[in-house]
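Report on the following structure.
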Amino acid sequence: MSVPAADPSEGLLTVDELAAAVGMTVRTTRYYASLGLIPAPVRRGRIAYYDAVHRARLELVRALQEHGFTLQAIERVLAGVPLDAGVEDLQLQRAMLTSWTGRPPERLSEHELVAKAGRPLTDEHLRLLVSLGLIERTDEDWVVMPNLDVGLGLLDLDMPEAGIARADRAIRHHMEALADELTDILRDEILEPYRRQPHSPEDAARLEHTVARLRQLTLEAVVSGFQRAANAVITRSLRR
């Protein structure tokens, strides 16, 4: 039995139309629905239909996937988004989360990983890269983060693994604290004023551009700020 298309004036979509609209298969769409990543559909008799909110939520899931979020991480993100969040709120969430992420990870075989590294990788090397969160083993391949070069550079340092792990913990601790504070500033100074004012789709596009540009400038400022702080520490040390 063929499923009738929804009335276009209502903005409703069948599951086939929803999947096509966001570039997913129907099977994947149904699977994500079974995980609770999108709300229950609107029922018309025995047929399920989906509206603009379902589509916006599914587009958020797809965007997070494309930026390297694992399914478990996506479930945690969506768990923090109220089920009654509107299309605009979901679009803002997408802009916030994806604008701060860089290139997505790659999925490589072990042979491809070694070729990308440009050097042999022992079991000890792989274990260190895993501990630093730069690669992750799956049943079929390796998930490789875009900053793999950082870990490869560490392999050549005359520094014990315990020291590298200690430095990694310090970096993670301070970067997470900085990210939390900057996110609060972004929400208070940009997103909340935006929500309080009437705006057009063009305004929404400009906001997304602003957040993406802010990411680039923030990364440059972090590098520059760390260099200044390191120079200040060295200067104080020399004086002592």
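The chains in the structure tokens are called A, B, ... from first to last as shown; in each chain the residues are counted from 1, and the ligands are counted from 1 in the order shown.
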
Pull the closest atom pair for each residue of stretch 102-217 of chain A that gets at most 10 Å from stretch 221-229 of chain A, along with the distance in Å to one decimal, counting only C-alpha atoms, ordering rows by chain and then ascending residue number, as CSV.
residue,atom,partner,partner_atom,distance
A:Met175,CA,A:Val222,CA,9.5
A:Leu178,CA,A:Val222,CA,9.5
A:Arg215,CA,A:Ala221,CA,9.8
A:Gln216,CA,A:Ala221,CA,8.7
A:Leu217,CA,A:Ala221,CA,6.1

From the DSSP assignment of the backbone, select every residue of stretch 55-199 of chain A that is strand (DSSP E or B), and format the answer as JSON, numbers by chain.
{"A": [106, 107, 108, 135, 136, 137, 142, 143, 144]}

Got time to write the residues from that selection, N, CA, C and O atoms, as a PDB file, in the first residue's frame?
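Result saved to part_6.pdb:
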ATOM      1  N   GLU A 106      38.755  11.202  10.139  1.00  0.00           N
ATOM      2  CA  GLU A 106      38.761  10.269   9.008  1.00  0.00           C
ATOM      3  C   GLU A 106      38.643   8.848   9.533  1.00  0.00           C
ATOM      4  O   GLU A 106      39.043   8.546  10.661  1.00  0.00           O
ATOM      5  N   ARG A 107      38.133   7.984   8.706  1.00  0.00           N
ATOM      6  CA  ARG A 107      38.109   6.557   9.024  1.00  0.00           C
ATOM      7  C   ARG A 107      39.103   5.879   8.098  1.00  0.00           C
ATOM      8  O   ARG A 107      38.940   5.884   6.868  1.00  0.00           O
ATOM      9  N   LEU A 108      40.156   5.277   8.675  1.00  0.00           N
ATOM     10  CA  LEU A 108      41.243   4.707   7.896  1.00  0.00           C
ATOM     11  C   LEU A 108      41.527   3.282   8.348  1.00  0.00           C
ATOM     12  O   LEU A 108      41.356   2.953   9.530  1.00  0.00           O
ATOM     13  N   ILE A 135      43.434   8.998  18.034  1.00  0.00           N
ATOM     14  CA  ILE A 135      42.910   7.911  17.214  1.00  0.00           C
ATOM     15  C   ILE A 135      42.027   7.035  18.100  1.00  0.00           C
ATOM     16  O   ILE A 135      42.156   7.038  19.329  1.00  0.00           O
ATOM     17  N   GLU A 136      41.121   6.328  17.466  1.00  0.00           N
ATOM     18  CA  GLU A 136      40.204   5.444  18.200  1.00  0.00           C
ATOM     19  C   GLU A 136      39.967   4.199  17.373  1.00  0.00           C
ATOM     20  O   GLU A 136      39.684   4.287  16.173  1.00  0.00           O
ATOM     21  N   ARG A 137      40.109   3.053  17.999  1.00  0.00           N
ATOM     22  CA  ARG A 137      39.938   1.782  17.307  1.00  0.00           C
ATOM     23  C   ARG A 137      38.471   1.398  17.243  1.00  0.00           C
ATOM     24  O   ARG A 137      37.742   1.488  18.239  1.00  0.00           O
ATOM     25  N   TRP A 142      40.236   2.560  11.949  1.00  0.00           N
ATOM     26  CA  TRP A 142      40.656   3.553  12.922  1.00  0.00           C
ATOM     27  C   TRP A 142      39.953   4.874  12.633  1.00  0.00           C
ATOM     28  O   TRP A 142      39.851   5.280  11.481  1.00  0.00           O
ATOM     29  N   VAL A 143      39.455   5.524  13.678  1.00  0.00           N
ATOM     30  CA  VAL A 143      38.935   6.880  13.562  1.00  0.00           C
ATOM     31  C   VAL A 143      40.091   7.809  13.909  1.00  0.00           C
ATOM     32  O   VAL A 143      40.639   7.744  15.017  1.00  0.00           O
ATOM     33  N   VAL A 144      40.469   8.664  12.965  1.00  0.00           N
ATOM     34  CA  VAL A 144      41.676   9.491  13.104  1.00  0.00           C
ATOM     35  C   VAL A 144      41.278  10.963  13.187  1.00  0.00           C
ATOM     36  O   VAL A 144      40.613  11.487  12.290  1.00  0.00           O
TER      37      VAL A 144
END

Residues near A:Ala204, cut-off 12 Å, only C-alpha atoms, skip fewer than 4 positions along chain, as an NGL selection string
:A and (87-92 or 94-95 or 190-191 or 194-195 or 197-200 or 208-211)

Just write the chosen residues, C-alpha atoms, as a compact mmCIF listing (two decimals), in the first residue's frame.
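Heads up, here's the output in out.txt:
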# COMPACT_ATOMS: atom_id res chain seq x y z
CA VAL A 87 13.17 25.27 14.70
CA GLU A 88 15.07 28.46 15.50
CA ASP A 89 16.46 27.09 18.76
CA LEU A 90 17.62 23.95 16.97
CA GLN A 91 19.30 26.00 14.24
CA LEU A 92 21.09 28.06 16.89
CA ARG A 94 23.63 23.65 15.28
CA ALA A 95 25.48 26.93 14.68
CA ILE A 190 25.20 37.30 21.06
CA LEU A 191 22.58 34.56 21.23
CA TYR A 194 19.39 37.78 19.04
CA ARG A 195 16.53 35.73 20.52
CA GLN A 197 14.65 40.72 18.78
CA PRO A 198 12.54 39.99 15.68
CA HIS A 199 14.73 38.73 12.86
CA SER A 200 14.65 37.43 9.32
CA GLU A 208 25.83 31.75 11.75
CA HIS A 209 28.57 33.58 9.85
CA THR A 210 29.40 35.62 12.97
CA VAL A 211 29.74 32.51 15.12

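Separating atom CA of A:Leu207 from atom CA of A:Ile185 is a distance of 14.9 Å.
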
Within 9 Å of stretch 76-86 of chain A, counting only C-alpha atoms, which residues qualify if same-chain residues fewer than 6 places away don't, as an mmCIF file with all heavy atoms, in the first residue's frame?
data_model
loop_
_atom_site.group_PDB
_atom_site.id
_atom_site.type_symbol
_atom_site.label_atom_id
_atom_site.label_comp_id
_atom_site.auth_asym_id
_atom_site.auth_seq_id
_atom_site.Cartn_x
_atom_site.Cartn_y
_atom_site.Cartn_z
ATOM 1 N N GLY A 36 15.177 8.020 20.065
ATOM 2 C CA GLY A 36 14.613 9.203 20.706
ATOM 3 C C GLY A 36 15.293 10.493 20.307
ATOM 4 O O GLY A 36 15.130 11.518 20.980
ATOM 5 N N LEU A 37 16.055 10.473 19.207
ATOM 6 C CA LEU A 37 16.749 11.680 18.770
ATOM 7 C C LEU A 37 15.792 12.685 18.133
ATOM 8 O O LEU A 37 16.119 13.870 18.020
ATOM 9 C CB LEU A 37 17.868 11.330 17.782
ATOM 10 C CG LEU A 37 18.975 10.424 18.334
ATOM 11 C CD1 LEU A 37 20.058 10.215 17.293
ATOM 12 C CD2 LEU A 37 19.571 10.988 19.618
ATOM 13 N N ILE A 38 14.640 12.225 17.685
ATOM 14 C CA ILE A 38 13.587 13.128 17.208
ATOM 15 C C ILE A 38 12.299 12.756 17.931
ATOM 16 O O ILE A 38 12.128 11.603 18.342
ATOM 17 C CB ILE A 38 13.396 13.053 15.676
ATOM 18 C CG1 ILE A 38 13.013 11.641 15.229
ATOM 19 C CG2 ILE A 38 14.637 13.527 14.947
ATOM 20 C CD1 ILE A 38 12.706 11.539 13.747
ATOM 21 N N PRO A 39 11.394 13.715 18.120
ATOM 22 C CA PRO A 39 10.150 13.425 18.846
ATOM 23 C C PRO A 39 9.263 12.444 18.067
ATOM 24 O O PRO A 39 9.508 12.160 16.886
ATOM 25 C CB PRO A 39 9.475 14.801 18.959
ATOM 26 C CG PRO A 39 10.525 15.803 18.613
ATOM 27 C CD PRO A 39 11.489 15.117 17.705
ATOM 28 N N ALA A 52 8.421 20.600 10.605
ATOM 29 C CA ALA A 52 9.674 21.351 10.483
ATOM 30 C C ALA A 52 10.599 21.126 11.675
ATOM 31 O O ALA A 52 11.827 21.155 11.532
ATOM 32 C CB ALA A 52 9.365 22.841 10.331
ATOM 33 N N VAL A 53 10.035 20.895 12.862
ATOM 34 C CA VAL A 53 10.867 20.658 14.044
ATOM 35 C C VAL A 53 11.580 19.316 13.923
ATOM 36 O O VAL A 53 12.769 19.201 14.254
ATOM 37 C CB VAL A 53 10.005 20.713 15.320
ATOM 38 C CG1 VAL A 53 10.818 20.264 16.531
ATOM 39 C CG2 VAL A 53 9.471 22.119 15.540
ATOM 40 N N ALA A 56 14.420 19.896 11.539
ATOM 41 C CA ALA A 56 15.514 20.684 12.123
ATOM 42 C C ALA A 56 16.325 19.843 13.103
ATOM 43 O O ALA A 56 17.559 19.943 13.155
ATOM 44 C CB ALA A 56 14.953 21.921 12.810
ATOM 45 N N ARG A 57 15.641 19.001 13.870
ATOM 46 C CA ARG A 57 16.353 18.155 14.831
ATOM 47 C C ARG A 57 17.198 17.111 14.100
ATOM 48 O O ARG A 57 18.336 16.834 14.491
ATOM 49 C CB ARG A 57 15.352 17.483 15.771
ATOM 50 C CG ARG A 57 15.972 16.796 16.966
ATOM 51 C CD ARG A 57 14.903 16.313 17.925
ATOM 52 N NE ARG A 57 14.383 17.382 18.731
ATOM 53 C CZ ARG A 57 14.749 17.613 19.995
ATOM 54 N NH1 ARG A 57 15.660 16.847 20.561
ATOM 55 N NH2 ARG A 57 14.213 18.597 20.678
ATOM 56 N N LEU A 60 20.251 18.710 12.700
ATOM 57 C CA LEU A 60 21.245 18.891 13.755
ATOM 58 C C LEU A 60 22.037 17.601 13.952
ATOM 59 O O LEU A 60 23.270 17.633 14.070
ATOM 60 C CB LEU A 60 20.548 19.302 15.055
ATOM 61 C CG LEU A 60 21.415 19.358 16.317
ATOM 62 C CD1 LEU A 60 22.577 20.330 16.134
ATOM 63 C CD2 LEU A 60 20.576 19.759 17.524
ATOM 64 N N VAL A 61 21.345 16.464 13.971
ATOM 65 C CA VAL A 61 22.025 15.175 14.109
ATOM 66 C C VAL A 61 23.016 14.975 12.959
ATOM 67 O O VAL A 61 24.173 14.609 13.185
ATOM 68 C CB VAL A 61 20.998 14.021 14.126
ATOM 69 C CG1 VAL A 61 21.702 12.663 14.071
ATOM 70 C CG2 VAL A 61 20.123 14.113 15.373
ATOM 71 N N GLN A 93 21.428 25.939 18.017
ATOM 72 C CA GLN A 93 22.245 24.861 18.592
ATOM 73 C C GLN A 93 23.229 24.343 17.559
ATOM 74 O O GLN A 93 24.399 24.111 17.855
ATOM 75 C CB GLN A 93 21.329 23.719 19.062
ATOM 76 C CG GLN A 93 20.549 23.997 20.323
ATOM 77 C CD GLN A 93 21.370 23.800 21.577
ATOM 78 O OE1 GLN A 93 22.458 23.223 21.532
ATOM 79 N NE2 GLN A 93 20.861 24.272 22.698
#

Tell me, as a ChimeraX atom specification, which residues lie within 10 Å of A:Thr183, counting only C-alpha atoms; anything in the same chain fewer than 5 positions away does not count.
/A:96-97,100,177-178,188-189

Long-range neighbours of stretch 26-34 of chain A as a CSV table (one decimal) with C-alpha atoms, in the first residue's frame, 10 Å cut-off, only C-alpha atoms, 4 positions minimum in chain:
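Listed below is the output, selection-v9.csv:
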chain,number,residue,atom,x,y,z
A,15,VAL,CA,9.2,9.4,6.7
A,16,ASP,CA,10.4,8.9,3.1
A,17,GLU,CA,10.1,12.6,2.4
A,18,LEU,CA,11.8,13.5,5.6
A,19,ALA,CA,14.8,11.2,4.9
A,20,ALA,CA,15.2,12.6,1.4
A,22,VAL,CA,17.9,15.7,5.1
A,38,ILE,CA,13.6,13.1,17.2
A,39,PRO,CA,10.1,13.4,18.8
A,40,ALA,CA,7.3,11.1,18.1
A,41,PRO,CA,5.6,11.8,14.7
A,54,HIS,CA,11.5,17.0,13.2
A,58,LEU,CA,17.4,15.6,12.3
A,61,VAL,CA,22.0,15.2,14.1
A,71,LEU,CA,26.5,8.7,18.1
A,75,GLU,CA,22.7,11.4,22.1

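What separates atom CA of A:Leu128 from atom CA of A:His173 is a distance of 18.8 Å.
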
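Going from atom CA of A:Asp51 over to atom CA of A:Thr14, you cover 9.0 Å.
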
Residue set, stretch 14-222 of chain A restricted to alpha helix (DSSP H), as a PyMOL selection string:
chain A and resi 15-22+26-34+52-66+71-79+87-99+110-117+123-131+148-155+161-186+192-196+201-222
